[in-house]
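Shown below: my_file.tsv, with TSV, C-alpha atoms.
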```tsv
chain	number	residue	atom	x	y	z
Z	150	MET	CA	104.21	84.67	84.00
Z	151	SER	CA	106.77	83.61	86.59
Z	152	ALA	CA	105.65	82.35	89.97
Z	153	ALA	CA	107.21	85.30	91.81
Z	154	MET	CA	105.48	87.79	89.54
Z	155	GLN	CA	102.14	86.01	89.89
Z	156	ALA	CA	102.54	85.97	93.68
Z	157	ARG	CA	103.29	89.70	93.73
Z	158	THR	CA	100.29	90.48	91.53
Z	159	THR	CA	97.98	88.35	93.68
Z	160	TYR	CA	99.33	89.90	96.90
Z	161	ARG	CA	98.68	93.40	95.60
Z	162	ALA	CA	95.17	92.44	94.42
Z	163	LEU	CA	94.36	91.11	97.89
Z	164	LEU	CA	95.68	94.25	99.57
Z	165	ARG	CA	93.53	96.43	97.29
Z	166	GLU	CA	90.39	94.61	98.39
Z	167	LEU	CA	91.09	94.62	102.13
Z	168	PRO	CA	89.89	97.53	104.26
Z	169	ARG	CA	92.49	100.25	104.64
Z	170	ARG	CA	94.22	100.88	107.91
Z	171	GLY	CA	96.98	103.28	108.92
Z	172	LEU	CA	100.38	102.73	107.34
Z	173	LYS	CA	102.11	102.64	110.72
Z	174	THR	CA	99.99	99.81	112.12
Z	175	PRO	CA	99.17	97.07	109.61
Z	176	SER	CA	96.33	94.79	110.66
Z	177	PRO	CA	97.02	91.19	111.69
Z	178	LEU	CA	95.45	90.08	108.41
Z	179	HIS	CA	97.91	92.23	106.45
Z	180	GLN	CA	100.79	90.83	108.51
Z	181	ASN	CA	99.70	87.24	107.91
Z	182	LEU	CA	99.32	87.85	104.17
Z	183	ARG	CA	102.77	89.39	104.06
Z	184	GLY	CA	104.16	86.36	105.90
Z	185	ILE	CA	102.49	83.95	103.50
Z	186	PHE	CA	103.77	85.68	100.39
Z	187	ARG	CA	107.28	86.25	101.74
Z	188	SER	CA	107.76	82.66	102.81
Z	189	GLU	CA	110.01	80.55	100.68
Z	190	PRO	CA	110.05	76.76	100.68
Z	191	ALA	CA	111.87	75.77	103.87
Z	192	THR	CA	115.46	74.70	103.32
Z	193	SER	CA	116.28	73.67	106.88
Z	194	SER	CA	114.26	72.27	109.76
Z	195	LEU	CA	115.46	75.07	112.06
Z	196	GLN	CA	114.16	77.72	109.67
Z	197	SER	CA	110.78	75.98	109.30
Z	198	GLN	CA	110.37	75.66	113.09
Z	199	SER	CA	111.01	79.35	113.70
Z	200	GLN	CA	108.59	80.36	110.94
Z	201	SER	CA	105.87	77.94	112.05
Z	202	ASN	CA	105.98	79.33	115.60
Z	203	ALA	CA	105.51	82.89	114.35
Z	204	LEU	CA	102.69	82.27	111.87
Z	205	PRO	CA	99.33	80.53	112.50
Z	206	PHE	CA	99.29	78.66	109.16
Z	207	SER	CA	101.36	76.05	107.40
Z	208	ILE	CA	104.01	77.31	105.03
Z	209	PRO	CA	104.04	75.55	101.65
Z	210	LYS	CA	107.05	73.25	101.43
Z	211	THR	CA	107.15	72.65	97.67
Z	212	ASP	CA	106.75	74.82	94.62
Z	213	GLU	CA	103.59	72.94	93.69
Z	214	GLU	CA	101.98	73.72	97.06
Z	215	ARG	CA	103.06	77.34	96.71
Z	216	THR	CA	101.48	77.55	93.24
Z	217	LEU	CA	98.23	76.10	94.59
Z	218	ARG	CA	98.22	78.62	97.45
Z	219	ILE	CA	98.77	81.48	94.99
Z	220	GLN	CA	95.88	80.24	92.84
Z	221	GLU	CA	93.62	80.03	95.90
Z	222	ALA	CA	94.65	83.55	96.93
Z	223	ASP	CA	93.92	84.79	93.41
Z	224	GLN	CA	90.43	83.28	93.58
Z	225	LEU	CA	89.92	84.93	96.96
Z	226	ALA	CA	90.96	88.30	95.51
Z	227	GLN	CA	88.53	87.86	92.61
Z	228	TYR	CA	85.73	86.96	95.03
Z	229	ALA	CA	86.45	89.97	97.25
Z	230	ARG	CA	86.46	92.27	94.20
Z	231	ALA	CA	83.16	90.82	92.97
Z	232	GLN	CA	81.58	91.30	96.41
Z	233	ARG	CA	82.74	94.92	96.56
Z	234	VAL	CA	81.34	95.66	93.10
Z	235	TYR	CA	78.08	93.89	94.00
Z	236	CYS	CA	77.65	96.05	97.13
Z	237	GLU	CA	78.38	99.23	95.13
Z	238	LEU	CA	75.80	98.28	92.49
Z	239	LEU	CA	73.24	97.35	95.13
Z	240	GLU	CA	73.63	100.76	96.79
Z	241	ARG	CA	73.51	102.57	93.45
Z	242	TYR	CA	70.34	100.91	92.16
Z	243	ASN	CA	68.51	100.80	95.51
Z	244	PRO	CA	69.13	104.23	96.99
Z	245	GLY	CA	66.30	103.96	99.52
Z	246	MET	CA	67.76	100.87	101.12
Z	247	GLY	CA	69.25	102.74	104.07
Z	248	MET	CA	66.37	105.17	104.60
Z	249	THR	CA	63.81	105.09	107.38
Z	250	GLU	CA	60.15	104.49	106.54
Z	251	GLU	CA	59.28	108.14	107.24
Z	252	GLU	CA	62.01	109.37	104.90
Z	253	LYS	CA	60.78	107.05	102.12
Z	254	ILE	CA	57.21	108.37	102.51
Z	255	ARG	CA	58.38	111.99	102.48
Z	256	LEU	CA	60.45	111.45	99.31
Z	257	THR	CA	57.59	109.58	97.60
Z	258	ALA	CA	55.23	112.49	98.35
Z	259	ARG	CA	57.73	114.99	96.96
Z	260	ARG	CA	58.10	112.89	93.80
Z	261	VAL	CA	54.40	113.41	92.99
Z	262	GLY	CA	54.44	117.08	93.98
Z	263	PHE	CA	53.29	117.08	97.59
Z	264	ASP	CA	55.02	118.30	100.70
Z	265	LEU	CA	54.08	116.55	103.90
Z	266	PRO	CA	53.11	118.83	106.76
Z	267	GLU	CA	55.48	119.09	109.68
Z	268	LEU	CA	54.16	117.19	112.65
Z	269	HIS	CA	53.93	119.06	115.94
Z	270	THR	CA	55.03	117.24	119.03
Z	271	ALA	CA	53.65	117.46	122.55
Z	272	GLU	CA	56.74	119.41	123.64
Z	273	GLY	CA	55.78	122.38	121.49
Z	274	LYS	CA	52.25	122.67	123.06
Z	275	GLU	CA	53.40	123.16	126.65
```
Do you think you could lay out the structure here as structure tokens?
Amino acid sequence: MSAAMQARTTYRALLRELPRRGLKTPSPLHQNLRGIFRSEPATSSLQSQSQSNALPFSIPKTDEERTLRIQEADQLAQYARAQRVYCELLERYNPGMGMTEEEKIRLTARRVGFDLPELHTAEGKE
């Protein structure tokens, strides 16, 4: 696979894993990623100075550095995908994780065939 094709594939994989935001206003993270993947090895010092002032990271100067950056980005995309899948599985197999203690007790009672009585508060007795 060519380096440009691999960079495009990695860039798209990273964008898939990042939280979505409106199309009109890309997040700073999206803008930085776009800048990283659009950057070419600097051919002149003037071009590299203007790019380094606009972006808060160093632009790879050689093809070898660029390949290493793409590999690191690919690993980051794989990690983000694995974390997303892990969170989905955790929520699927532990559905009571986000419930309050009262809700857990009520559902446990219903599982064995009981309905808990409704509790009356002091406001209702006045």
Å distance separating CA of Ala162 (chain Z) from CA of Asp223 (chain Z), one decimal place: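 Straight-line distance from CA of Ala162 (chain Z) to CA of Asp223 (chain Z) works out to 7.8 Å.
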d(CA of Thr159 (chain Z), CA of Leu182 (chain Z)) in Å: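 CA of Leu182 (chain Z) lies 10.6 Å from CA of Thr159 (chain Z).
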Point-to-point distance in Å for CA of Arg233 (chain Z) and CA of Glu166 (chain Z): 7.9 Å
10 Å contact set for Ile219 (chain Z), all atoms listed in the file, chain neighbours under 3 positions out, as a VMD selection string: chain Z and resid 152 to 153 155 to 160 185 to 186 213 to 216 222 to 225
Do you know which residues are at most 9 Å from Leu167 (chain Z) counting all atoms listed in the file, after dropping those on the same chain fewer than 6 positions away, and could you put them as a PDB file with C-alpha atoms, in the coordinates of the input?
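Written output follows (selection-v3.pdb):
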```pdb
ATOM      1  CA  LEU Z 178      95.450  90.080 108.410  1.00  0.00           C
ATOM      2  CA  HIS Z 179      97.910  92.230 106.450  1.00  0.00           C
ATOM      3  CA  ALA Z 229      86.450  89.970  97.250  1.00  0.00           C
TER       4      ALA Z 229
END
```
